[in-house]
$ cat data.txt   # compact mmCIF, C-alpha atoms
# COMPACT_ATOMS: atom_id res chain seq x y z
CA MET A 1 -17.66 -12.76 48.36
CA ASN A 2 -19.38 -15.16 45.99
CA SER A 3 -18.04 -16.52 42.72
CA ALA A 4 -19.92 -14.08 40.51
CA THR A 5 -18.48 -11.05 42.32
CA MET A 6 -15.03 -12.63 42.22
CA PHE A 7 -15.27 -13.03 38.43
CA GLY A 8 -16.39 -9.40 38.36
CA TYR A 9 -13.05 -8.34 39.92
CA CYS A 10 -11.37 -10.68 37.45
CA GLY A 11 -13.10 -8.87 34.57
CA ALA A 12 -12.03 -5.50 35.98
CA MET A 13 -8.40 -6.66 36.06
CA LEU A 14 -8.63 -7.99 32.49
CA VAL A 15 -9.85 -4.58 31.30
CA GLY A 16 -6.82 -2.97 32.94
CA LEU A 17 -4.42 -5.53 31.47
CA GLY A 18 -5.86 -5.16 27.99
CA LEU A 19 -5.74 -1.38 28.20
CA PHE A 20 -2.09 -1.52 29.25
CA GLY A 21 -1.18 -3.72 26.30
CA LEU A 22 -3.15 -1.50 23.95
CA VAL A 23 -1.37 1.65 25.13
CA THR A 24 2.20 0.44 25.58
CA ASN A 25 2.88 -2.24 22.97
CA PRO A 26 4.01 -0.66 19.71
CA GLU A 27 3.25 -3.73 17.56
CA ILE A 28 -0.12 -3.33 15.90
CA LEU A 29 -0.95 -7.04 16.02
CA ARG A 30 -0.34 -7.03 19.76
CA LYS A 31 -2.55 -3.96 20.09
CA ILE A 32 -5.38 -5.81 18.36
CA LEU A 33 -4.85 -8.76 20.69
CA ALA A 34 -4.82 -6.51 23.75
CA PHE A 35 -7.98 -4.86 22.52
CA ASN A 36 -9.65 -8.26 22.45
CA VAL A 37 -8.53 -8.95 26.02
CA LEU A 38 -9.97 -5.57 27.06
CA GLY A 39 -13.25 -6.39 25.31
CA SER A 40 -13.52 -9.81 26.91
CA GLY A 41 -13.08 -8.18 30.31
CA VAL A 42 -16.04 -5.92 29.58
CA PHE A 43 -18.09 -8.91 28.43
CA LEU A 44 -17.19 -10.70 31.63
CA LEU A 45 -18.62 -7.79 33.64
CA PHE A 46 -21.84 -8.24 31.65
CA GLY A 47 -21.75 -11.94 32.49
CA VAL A 48 -21.45 -11.16 36.19
CA ILE A 49 -24.46 -8.86 36.02
CA ALA A 50 -26.37 -11.60 34.15
CA ARG A 51 -25.41 -14.17 36.79
CA ARG A 52 -26.50 -11.90 39.61
CA GLY A 53 -29.82 -11.46 37.84
CA ALA A 54 -30.56 -15.17 38.01
CA ALA A 55 -34.29 -15.58 38.61
CA ALA A 56 -37.37 -17.50 37.51
CA GLY A 57 -35.46 -20.76 37.46
CA LEU A 58 -32.89 -19.48 34.98
CA GLY A 59 -29.20 -19.66 35.92
CA ALA A 60 -28.59 -16.17 34.59
CA ASP A 61 -30.51 -13.25 33.11
CA PRO A 62 -30.80 -14.05 29.37
CA VAL A 63 -30.88 -10.41 28.20
CA PRO A 64 -27.26 -9.48 29.07
CA GLN A 65 -26.21 -12.89 27.73
CA ALA A 66 -27.78 -12.15 24.37
CA LEU A 67 -26.12 -8.72 24.37
CA VAL A 68 -22.74 -10.34 25.03
CA ILE A 69 -23.20 -12.82 22.17
CA THR A 70 -23.97 -9.94 19.82
CA GLY A 71 -20.98 -8.09 21.27
CA ILE A 72 -18.61 -10.99 20.65
CA VAL A 73 -19.72 -11.16 17.02
CA VAL A 74 -19.29 -7.44 16.46
CA ALA A 75 -15.88 -7.51 18.20
CA PHE A 76 -14.82 -10.29 15.86
CA SER A 77 -15.96 -8.27 12.82
CA ALA A 78 -13.92 -5.31 14.02
CA THR A 79 -10.90 -7.56 14.63
CA ALA A 80 -11.12 -9.01 11.11
CA MET A 81 -11.30 -5.51 9.67
CA ALA A 82 -8.35 -4.35 11.79
CA VAL A 83 -6.25 -7.35 10.77
CA ALA A 84 -6.97 -6.73 7.08
CA LEU A 85 -5.96 -3.07 7.52
CA LEU A 86 -2.78 -4.15 9.29
CA VAL A 87 -1.79 -6.62 6.56
CA ARG A 88 -2.32 -3.98 3.88
CA PHE A 89 -0.47 -1.36 5.95
CA ASN A 90 2.43 -3.77 6.29
CA LYS A 91 2.45 -4.45 2.56
CA GLU A 92 2.52 -0.73 1.76
CA THR A 93 5.07 0.42 4.33
CA GLY A 94 6.97 -2.68 5.48
CA GLU A 95 6.31 -1.76 9.09
CA ILE A 96 4.57 -3.74 11.80
CA THR A 97 4.56 -1.07 14.46
CA MET A 98 2.98 2.30 15.03
CA SER A 99 6.00 4.06 16.36
CA SER A 100 5.76 7.79 16.90
CA ASP A 101 9.49 8.08 16.14
CA ALA A 102 8.97 7.67 12.44
CA PRO A 103 6.29 10.25 11.67
CA SER A 104 7.32 10.85 8.05
CA ASP A 105 6.71 7.26 6.96
CA SER A 106 3.57 6.40 8.83
CA GLY A 107 2.18 9.86 8.16
CA ARG A 108 2.49 9.35 4.43
CA SER A 109 0.79 5.98 4.49
CA GLU A 110 -2.06 7.40 6.54
CA GLU A 111 -2.64 10.03 3.87
CA ARG A 112 -2.70 7.46 1.14
CA ARG A 113 -5.46 5.58 2.85
CA MET B 114 -19.56 -25.42 48.15
CA THR B 115 -16.06 -24.49 49.28
CA TYR B 116 -14.60 -26.63 46.49
CA ASP B 117 -16.62 -24.59 43.99
CA VAL B 118 -15.17 -21.38 45.34
CA LEU B 119 -11.65 -22.82 45.32
CA PHE B 120 -12.10 -23.95 41.72
CA ASP B 121 -13.37 -20.51 40.69
CA LEU B 122 -10.51 -18.77 42.48
CA GLY B 123 -7.98 -21.00 40.76
CA LEU B 124 -9.68 -20.50 37.39
CA ALA B 125 -9.68 -16.72 37.79
CA GLY B 126 -6.02 -16.78 38.84
CA VAL B 127 -4.95 -18.85 35.83
CA LEU B 128 -7.08 -16.68 33.53
CA ILE B 129 -5.40 -13.48 34.74
CA ALA B 130 -1.97 -15.11 34.50
CA ILE B 131 -2.55 -16.30 30.92
CA ALA B 132 -3.95 -12.89 29.91
CA ALA B 133 -0.91 -11.19 31.45
CA GLY B 134 1.30 -13.66 29.59
CA ALA B 135 -0.42 -12.84 26.30
CA ILE B 136 -0.01 -9.11 26.92
CA PHE B 137 3.59 -9.14 28.20
CA ALA B 138 5.10 -11.99 26.16
CA ARG B 139 8.06 -10.93 24.01
CA GLY B 140 7.33 -12.97 20.92
CA SER B 141 4.15 -12.50 18.90
CA PHE B 142 3.73 -16.23 18.39
CA VAL B 143 3.87 -17.04 22.11
CA SER B 144 1.46 -14.22 22.76
CA LEU B 145 -1.05 -15.48 20.16
CA VAL B 146 -0.96 -19.06 21.44
CA LEU B 147 -1.53 -17.79 24.99
CA PHE B 148 -4.42 -15.70 23.69
CA MET B 149 -6.10 -18.81 22.27
CA VAL B 150 -5.63 -20.63 25.58
CA TYR B 151 -7.12 -17.56 27.24
CA GLY B 152 -10.21 -17.82 25.00
CA LEU B 153 -10.78 -21.43 26.01
CA LEU B 154 -10.31 -20.71 29.72
CA LEU B 155 -12.69 -17.79 29.42
CA ALA B 156 -15.28 -20.20 28.01
CA ILE B 157 -15.01 -22.24 31.23
CA VAL B 158 -15.61 -19.04 33.21
CA TRP B 159 -18.77 -18.48 31.17
CA VAL B 160 -19.95 -21.99 32.04
CA ARG B 161 -19.32 -21.17 35.70
CA LEU B 162 -21.49 -18.09 35.23
CA SER B 163 -24.32 -20.32 33.91
CA ALA B 164 -24.04 -18.75 30.46
CA VAL B 165 -23.48 -21.81 28.28
CA ASP B 166 -24.59 -20.04 25.08
CA VAL B 167 -21.94 -17.40 25.61
CA ALA B 168 -19.40 -20.10 26.47
CA LEU B 169 -20.01 -21.79 23.11
CA THR B 170 -19.66 -18.48 21.28
CA GLU B 171 -16.50 -17.61 23.19
CA THR B 172 -14.90 -20.98 22.43
CA ALA B 173 -15.75 -20.72 18.75
CA ILE B 174 -14.75 -17.08 18.32
CA GLY B 175 -12.35 -16.13 21.12
CA GLY B 176 -10.42 -19.37 21.18
CA GLY B 177 -10.88 -20.41 17.58
CA VAL B 178 -11.55 -18.00 14.76
CA THR B 179 -9.95 -14.87 16.25
CA GLY B 180 -6.81 -16.85 17.10
CA MET B 181 -6.67 -18.23 13.58
CA LEU B 182 -7.17 -14.78 12.09
CA LEU B 183 -4.35 -13.30 14.19
CA LEU B 184 -1.99 -16.23 13.52
CA GLY B 185 -2.68 -15.90 9.80
CA ALA B 186 -1.86 -12.19 9.99
CA ALA B 187 1.33 -12.87 11.98
CA SER B 188 2.55 -15.27 9.31
CA ARG B 189 1.90 -12.72 6.57
CA LEU B 190 3.54 -9.72 8.20
CA ARG B 191 7.03 -8.86 7.02
CA ALA B 192 8.97 -6.27 8.97
CA THR B 193 11.29 -4.94 6.28
CA LYS B 194 12.23 -1.80 8.12
CA GLY B 195 11.79 -0.07 11.41
CA SER B 196 12.22 -1.91 14.67
CA ALA B 197 9.80 -1.89 17.54
CA VAL B 198 10.58 1.16 19.63
CA LYS B 199 9.22 0.35 23.05
CA ALA B 200 7.64 3.11 25.03
CA GLY B 201 10.03 4.64 27.54
CA PHE B 202 9.92 3.73 31.22
CA PRO B 203 8.07 6.89 32.39
CA ALA B 204 5.43 6.40 29.71
CA ARG B 205 4.95 2.77 30.70
CA LEU B 206 4.72 3.76 34.35
CA ALA B 207 2.06 6.36 33.59
CA ALA B 208 0.14 3.90 31.42
CA GLY B 209 0.37 1.29 34.17
CA ALA B 210 -0.97 3.73 36.75
CA LEU B 211 -3.84 4.69 34.44
CA CYS B 212 -4.75 1.05 33.83
CA ILE B 213 -4.64 0.19 37.52
CA LEU B 214 -6.93 3.16 38.18
CA VAL B 215 -9.37 1.94 35.52
CA SER B 216 -9.33 -1.56 37.03
CA ILE B 217 -9.89 -0.21 40.54
CA ALA B 218 -12.77 1.96 39.33
CA LEU B 219 -14.43 -1.03 37.67
CA GLY B 220 -13.75 -3.10 40.79
CA ILE B 221 -15.56 -0.48 42.88
CA VAL B 222 -18.49 -0.66 40.47
CA VAL B 223 -18.61 -4.45 40.93
CA TYR B 224 -18.37 -4.03 44.70
CA ALA B 225 -21.16 -1.46 44.71
CA LEU B 226 -23.62 -3.42 42.59
CA PRO B 227 -27.10 -3.21 44.13
CA GLU B 228 -27.96 -5.79 46.78
CA VAL B 229 -31.13 -6.80 44.97
CA PRO B 230 -29.95 -7.17 41.39
CA PRO B 231 -32.28 -5.90 38.66
CA THR B 232 -33.27 -8.69 36.32
CA LEU B 233 -35.31 -9.22 33.19
CA ALA B 234 -35.24 -13.00 33.56
CA PRO B 235 -38.86 -13.39 34.78
CA ILE B 236 -40.25 -11.33 31.89
CA ALA B 237 -38.13 -13.20 29.37
CA LYS B 238 -39.22 -16.52 30.82
CA GLU B 239 -42.91 -15.58 30.93
CA ASN B 240 -43.04 -14.58 27.28
CA LEU B 241 -40.86 -17.43 26.06
CA ALA B 242 -43.82 -19.78 25.64
CA SER B 243 -45.43 -17.61 22.96
CA SER B 244 -42.32 -17.89 20.76
CA GLY B 245 -42.33 -21.69 20.91
CA LEU B 246 -38.63 -21.73 21.83
CA GLY B 247 -37.19 -23.41 24.90
CA ASN B 248 -33.86 -21.61 25.08
CA PRO B 249 -34.33 -18.21 26.75
CA VAL B 250 -31.18 -16.75 25.15
CA ALA B 251 -32.38 -17.73 21.68
CA GLY B 252 -35.72 -16.22 22.64
CA VAL B 253 -34.10 -12.91 23.50
CA LEU B 254 -31.93 -12.98 20.37
CA PHE B 255 -34.71 -13.78 17.92
CA VAL B 256 -37.80 -12.28 19.52
CA TYR B 257 -37.25 -9.39 21.95
CA ARG B 258 -34.02 -8.13 20.48
CA ALA B 259 -34.42 -9.42 16.93
CA LEU B 260 -33.37 -6.05 15.52
CA ASP B 261 -29.98 -6.37 17.27
CA THR B 262 -29.52 -9.81 15.81
CA LEU B 263 -30.45 -8.65 12.31
CA LEU B 264 -28.08 -5.69 12.51
CA GLU B 265 -25.32 -7.91 13.89
CA LYS B 266 -25.49 -10.00 10.72
CA VAL B 267 -25.39 -6.81 8.67
CA VAL B 268 -22.29 -5.75 10.62
CA LEU B 269 -20.64 -9.05 9.66
CA LEU B 270 -21.42 -8.36 5.99
CA LEU B 271 -20.18 -4.78 6.28
CA ALA B 272 -16.95 -6.00 7.85
CA LEU B 273 -16.51 -8.41 4.95
CA ALA B 274 -17.13 -5.58 2.47
CA GLY B 275 -14.52 -3.56 4.37
CA VAL B 276 -11.99 -6.39 4.27
CA TRP B 277 -12.56 -6.96 0.57
CA SER B 278 -12.23 -3.26 -0.17
CA LEU B 279 -8.60 -3.46 1.00
CA ALA B 280 -7.75 -5.56 -2.05
CA GLN B 281 -5.43 -4.08 -4.63
CA ASP B 282 -7.24 -2.98 -7.76
CA GLN B 283 -5.88 -5.70 -10.02
CA ALA B 284 -6.89 -8.43 -7.55
CA TRP B 285 -10.52 -7.32 -7.21
CA GLY B 286 -12.88 -10.19 -7.83
CA GLY B 287 -10.03 -12.65 -7.39
CA MET B 288 -9.24 -15.24 -4.78
CA PRO B 289 -8.54 -14.48 -1.10
CA GLY B 290 -4.95 -14.96 -0.04
CA LEU B 291 -5.61 -17.70 2.50
CA ARG B 292 -2.42 -19.60 3.24
CA VAL B 293 -2.74 -23.18 2.03
CA TYR B 294 -0.50 -26.01 3.08
CA ALA B 295 -0.91 -28.55 0.33
CA LYS B 296 1.41 -31.34 1.27
CA PRO B 297 -0.05 -34.66 0.17
CA ASN B 298 -0.31 -37.30 2.90
CA SER B 299 0.13 -34.76 5.66
CA ILE B 300 -1.80 -34.85 8.91
CA LEU B 301 -3.67 -31.71 7.84
CA VAL B 302 -5.02 -33.36 4.69
CA PHE B 303 -6.00 -36.41 6.73
CA LEU B 304 -7.86 -34.27 9.27
CA ALA B 305 -9.50 -32.27 6.50
CA GLN B 306 -10.90 -35.51 5.13
CA VAL B 307 -11.95 -37.06 8.44
CA LEU B 308 -13.26 -34.10 10.43
CA PRO B 309 -15.77 -32.34 8.11
CA PRO B 310 -18.49 -35.02 8.17
CA VAL B 311 -18.41 -34.94 11.98
CA GLY B 312 -18.03 -31.16 12.15
CA ILE B 313 -20.85 -30.45 9.72
CA THR B 314 -23.15 -32.72 11.69
CA VAL B 315 -22.16 -31.00 14.93
CA GLY B 316 -22.68 -27.56 13.34
CA ILE B 317 -26.15 -28.41 12.09
CA TYR B 318 -27.04 -30.00 15.43
CA MET B 319 -25.91 -26.90 17.31
CA PHE B 320 -28.20 -24.73 15.21
CA TRP B 321 -31.09 -27.19 15.50
CA ALA B 322 -30.73 -27.79 19.23
CA GLY B 323 -30.27 -24.04 19.77
CA ALA B 324 -34.03 -23.55 19.81
CA ASN B 325 -34.39 -25.43 23.07
CA ARG B 326 -30.91 -25.84 24.50
CA PRO B 327 -27.70 -23.84 24.46
CA GLY B 328 -26.46 -23.38 20.92
CA GLY B 329 -27.82 -21.51 17.95
CA ALA B 330 -27.20 -20.14 14.49
CA PHE B 331 -24.01 -18.33 15.33
CA GLN B 332 -22.28 -21.18 17.15
CA GLY B 333 -23.34 -23.68 14.50
CA GLY B 334 -22.25 -21.35 11.70
CA THR B 335 -18.82 -20.97 13.27
CA VAL B 336 -18.31 -24.72 13.31
CA LEU B 337 -19.32 -24.88 9.63
CA ALA B 338 -16.87 -22.06 8.87
CA ALA B 339 -14.08 -23.95 10.65
CA MET B 340 -14.76 -27.08 8.60
CA TRP B 341 -14.76 -25.15 5.32
CA LEU B 342 -11.51 -23.38 6.25
CA LEU B 343 -9.91 -26.71 7.10
CA VAL B 344 -10.84 -28.13 3.70
CA MET B 345 -9.58 -25.02 1.91
CA MET B 346 -6.31 -24.92 3.86
CA ALA B 347 -5.59 -28.55 3.03
CA ARG B 348 -6.37 -27.60 -0.58
CA LEU B 349 -9.00 -30.28 -1.02
CA ARG B 350 -11.14 -27.42 -2.35
CA GLU B 351 -9.95 -24.15 -3.82
CA VAL B 352 -10.72 -20.85 -2.12
CA PRO B 353 -13.55 -19.40 -4.23
CA ALA B 354 -13.09 -16.11 -6.04
CA ILE B 355 -15.07 -13.40 -4.29
CA ASP B 356 -17.17 -12.57 -7.35
CA THR B 357 -18.49 -16.13 -7.67
CA LEU B 358 -22.26 -16.01 -7.77
CA TRP B 359 -22.92 -18.79 -5.24
CA VAL B 360 -20.58 -17.14 -2.73
CA ARG B 361 -22.46 -13.87 -2.99
CA GLN B 362 -25.82 -15.65 -2.73
CA LEU B 363 -24.83 -17.63 0.36
CA LEU B 364 -23.52 -14.45 1.98
CA VAL B 365 -26.81 -12.59 1.72
CA VAL B 366 -29.35 -15.41 1.94
CA GLY B 367 -29.47 -15.41 5.77
CA PRO B 368 -29.89 -11.69 6.39
CA ALA B 369 -32.24 -11.45 3.37
CA ILE B 370 -34.59 -14.16 4.63
CA PHE B 371 -34.49 -12.73 8.16
CA LEU B 372 -35.29 -9.29 6.76
CA LEU B 373 -38.09 -10.71 4.63
CA ILE B 374 -39.63 -12.45 7.66
CA GLY B 375 -39.23 -9.19 9.53
CA LEU B 376 -41.05 -7.27 6.80
CA LEU B 377 -43.82 -9.88 6.68
CA GLY B 378 -44.32 -8.99 10.33
CA PHE B 379 -45.92 -5.75 9.13
CA VAL B 380 -48.57 -7.74 7.25
CA PHE B 381 -49.22 -10.78 9.43
CA ALA B 382 -48.37 -9.46 12.88
CA ASP B 383 -48.26 -6.03 14.49
CA SER B 384 -44.88 -4.71 13.50
CA PHE B 385 -41.46 -5.15 11.98
CA LEU B 386 -39.79 -8.40 13.13
CA ALA B 387 -42.94 -9.53 14.94
CA TYR B 388 -43.99 -13.10 14.28
CA PRO B 389 -47.59 -14.30 13.85
CA PRO B 390 -48.39 -16.07 17.15
CA ASP B 391 -49.00 -19.57 15.81
CA HIS B 392 -46.09 -19.70 13.39
CA ALA B 393 -43.35 -18.11 15.45
CA LYS B 394 -41.17 -21.17 15.88
CA PRO B 395 -41.12 -22.41 12.25
CA LEU B 396 -40.33 -18.87 11.04
CA ILE B 397 -37.50 -18.49 13.57
CA VAL B 398 -36.06 -21.87 12.62
CA ILE B 399 -36.16 -21.00 8.90
CA ALA B 400 -34.41 -17.69 9.59
CA GLU B 401 -31.85 -19.44 11.79
CA ALA B 402 -31.13 -22.11 9.18
CA ALA B 403 -30.43 -19.51 6.50
CA LEU B 404 -28.40 -17.44 8.97
CA THR B 405 -26.30 -20.47 9.95
CA LEU B 406 -25.22 -20.91 6.32
CA SER B 407 -24.56 -17.21 5.77
CA ILE B 408 -22.63 -16.86 9.03
CA GLY B 409 -20.47 -19.86 8.15
CA VAL B 410 -19.56 -18.45 4.74
CA THR B 411 -19.06 -14.90 6.06
CA LEU B 412 -16.77 -15.97 8.92
CA ALA B 413 -14.68 -18.21 6.68
CA LEU B 414 -14.24 -15.42 4.13
CA LEU B 415 -13.41 -12.89 6.86
CA VAL B 416 -10.59 -15.19 7.97
CA ALA B 417 -9.49 -15.80 4.37
CA GLY B 418 -8.92 -12.07 3.96
CA PRO B 419 -8.99 -9.71 0.99
CA PRO B 420 -8.57 -11.08 -2.54
CA GLU B 421 -4.92 -11.27 -3.57
CA ARG B 422 -4.66 -13.18 -6.80
CA MET B 423 -6.74 -13.38 -9.95
CA ARG B 424 -8.57 -16.51 -10.93
CA GLN B 425 -6.41 -18.82 -13.04
$ encode --input "data.txt" --output "structure tokens"
Amino acid sequence: MNSATMFGYCGAMLVGLGLFGLVTNPEILRKILAFNVLGSGVFLLFGVIARRGAAAGLGADPVPQALVITGIVVAFSATAMAVALLVRFNKETGEITMSSDAPSDSGRSEERR
Amino acid sequence: MTYDVLFDLGLAGVLIAIAAGAIFARGSFVSLVLFMVYGLLLAIVWVRLSAVDVALTETAIGGGVTGMLLLGAASRLRATKGSAVKAGFPARLAAGALCILVSIALGIVVYALPEVPPTLAPIAKENLASSGLGNPVAGVLFVYRALDTLLEKVVLLLALAGVWSLAQDQAWGGMPGLRVYAKPNSILVFLAQVLPPVGITVGIYMFWAGANRPGGAFQGGTVLAAMWLLVMMARLREVPAIDTLWVRQLLVVGPAIFLLIGLLGFVFADSFLAYPPDHAKPLIVIAEAALTLSIGVTLALLVAGPPERMRQ
């Protein structure tokens, strides 16, 4: 097993970890964080494919690398948008979680949006 | 050789541990700090994968700006009611099983990658000379996949429009609610006076060197954004109101010039976003320079958040 493949398994585990945090943690901020961990795991898989495609004197295939850079930027844009939504949601409702036990409150704020 | 493998194994182990810490930590603050450490470690992994351009982006965004954005949000959130109701044990167990399955499936995909990996590296390398650039990643970003890069900048602007649209009506056109810590003689003020000259030079160098070496408009722009945020947080400069003309102009100048160069491609080259063969490099550098500025301003304003108070 070479390093690139090993980082591939690492990326696969990060995706699982991020997904777990996204599903189980009720705090929205922590969900956003977990989503970023999930995304970075996916990017890492891209990186492994780029590294395996090393050829023509280049250390890694530049095309997946460029895709990952674009991906990181778009992920950041989405994170900024999500954080702004969360701050406004918190201001409106005083909650920081998305708990299914309080449907009346969160339901109302969803409608208002 | 074996030392390399040992280093990589250790790095991957620490990375997973830090990520798990960020996911499972009880306190939000601990979790966010671990997440920033995670971003920096991930950058080292990217260097190990010979992707230095991505490493720079990951450091700037994953370790830096995203962490700052999340920390800023954490300091603004006020839980006035409702406590975190954790998912029950059976639900967590099911979620855990699902996530392990997803990881295993992806692991099998990694294991089953083709023996002879498909690669576009030779084609990218062959055609690099005609663009006049020396950095293959910059070549892909600005020549072969220029449309992606253009749209990525548009996504940044759209995200900013989305963030701004969350302002309350009376605050529209006002100043973003960036937290400022204006204590005279504090370390922050000192750093905000000492660092920007160095940081701005580094940012411009990263964009300039990006044509031939790892770096580029995005990485350089992020450094510029960090410097501007530092100055604003130390209150050496006020956060500008979002309807200020120069702010709006700086936001659109990069994508506008890139789009214009793209449209000129119809006239002077074969198609949209094609560059005339002899002038490819100067055109790309002009577009990158404008993009660096726009990216810096856009990122800083994304972190600053929606407008919250009217101009005094």
$ atom_distance --input "data.txt" --atom1 "atom CA of Phe320 of chain B" --atom2 "atom CA of Leu154 of chain B"
23.4 Å
$ residues_around --input "data.txt" --residues "segment 401-409 of chain B" --least-positions-apart "6" --cutoff "9 Å" --atoms "only C-alpha atoms" --output "list in words"
Phe255, Lys266, Leu269, Gly316, Ile317, Phe320, Trp321, Gly329, Ala330, Phe331, Gln332, Gly333, Gly334, Thr335, Val336, Leu337, Ala338, Ala339, Trp341, Gln362, Leu363, Leu364, Val365, Val366, Gly367, Pro368, Ala369, Ile370 and Phe371 of chain B
$ residues_around --input "data.txt" --residues "segment 2-4 of chain A" --least-positions-apart "4" --cutoff "12 Å" --atoms "only C-alpha atoms" --output "PyMOL selection string"
(chain A and resi 8-11+44-54+59-60) or (chain B and resi 114-125+158-164+223-224+226)
$ closest_residue --input "data.txt" --among "B:Ser216, B:Val256, B:Leu349, B:Val178" --to "Leu386 of chain B" --atoms "all atoms listed in the file"
B:Val256
$ atom_distance --input "data.txt" --atom1 "atom CA of Phe381 of chain B" --atom2 "atom CA of Val63 of chain A"
26.2 Å
$ atom_distance --input "data.txt" --atom1 "atom CA of Val416 of chain B" --atom2 "atom CA of Leu273 of chain B"
9.5 Å
$ residues_near_point --input "data.txt" --point "(-34.2, -27.4, 17.9)" --cutoff "12 Å" --atoms "all atoms listed in the file" --output "PyMOL selection string"
chain B and resi 245-248+251+317-330+333+394-395+397-399+401-402
$ residues_around --input "data.txt" --residues "Lys31 of chain A" --least-positions-apart "4" --cutoff "7 Å" --atoms "all atoms listed in the file" --output "ChimeraX atom specification"
/A:21-22,25,27,35
$ closest_residue --input "data.txt" --among "A:Gly71, A:Gly39, A:Gly94, A:Gly57" --to "chain B" --atoms "only C-alpha atoms"
A:Gly94
$ closest_residue --input "data.txt" --among "B:Met181, B:Ala417, B:Val276, B:Ala207" --to "chain A" --atoms "only C-alpha atoms"
B:Val276
$ residues_around --input "data.txt" --residues "segment 76-87 of chain A" --least-positions-apart "6" --cutoff "9 Å" --atoms "only C-alpha atoms" --output "count of residues only"
32
$ residues_around --input "data.txt" --residues "Pro289 of chain B" --least-positions-apart "4" --cutoff "8 Å" --atoms "only C-alpha atoms" --output "count of residues only"
11
$ closest_residue --input "data.txt" --among "A:Thr70, A:Gln65, A:Asn90, A:Ser40" --to "Met13 of chain A" --atoms "only C-alpha atoms"
A:Ser40
$ closest_residue --input "data.txt" --among "B:Val311, B:Leu343, B:Val302, B:Leu211" --to "chain A" --atoms "only C-alpha atoms"
B:Leu211
$ closest_residue --input "data.txt" --among "B:Ala274, B:Leu254, B:Arg361, B:Leu153" --to "Val410 of chain B" --atoms "all atoms listed in the file"
B:Arg361
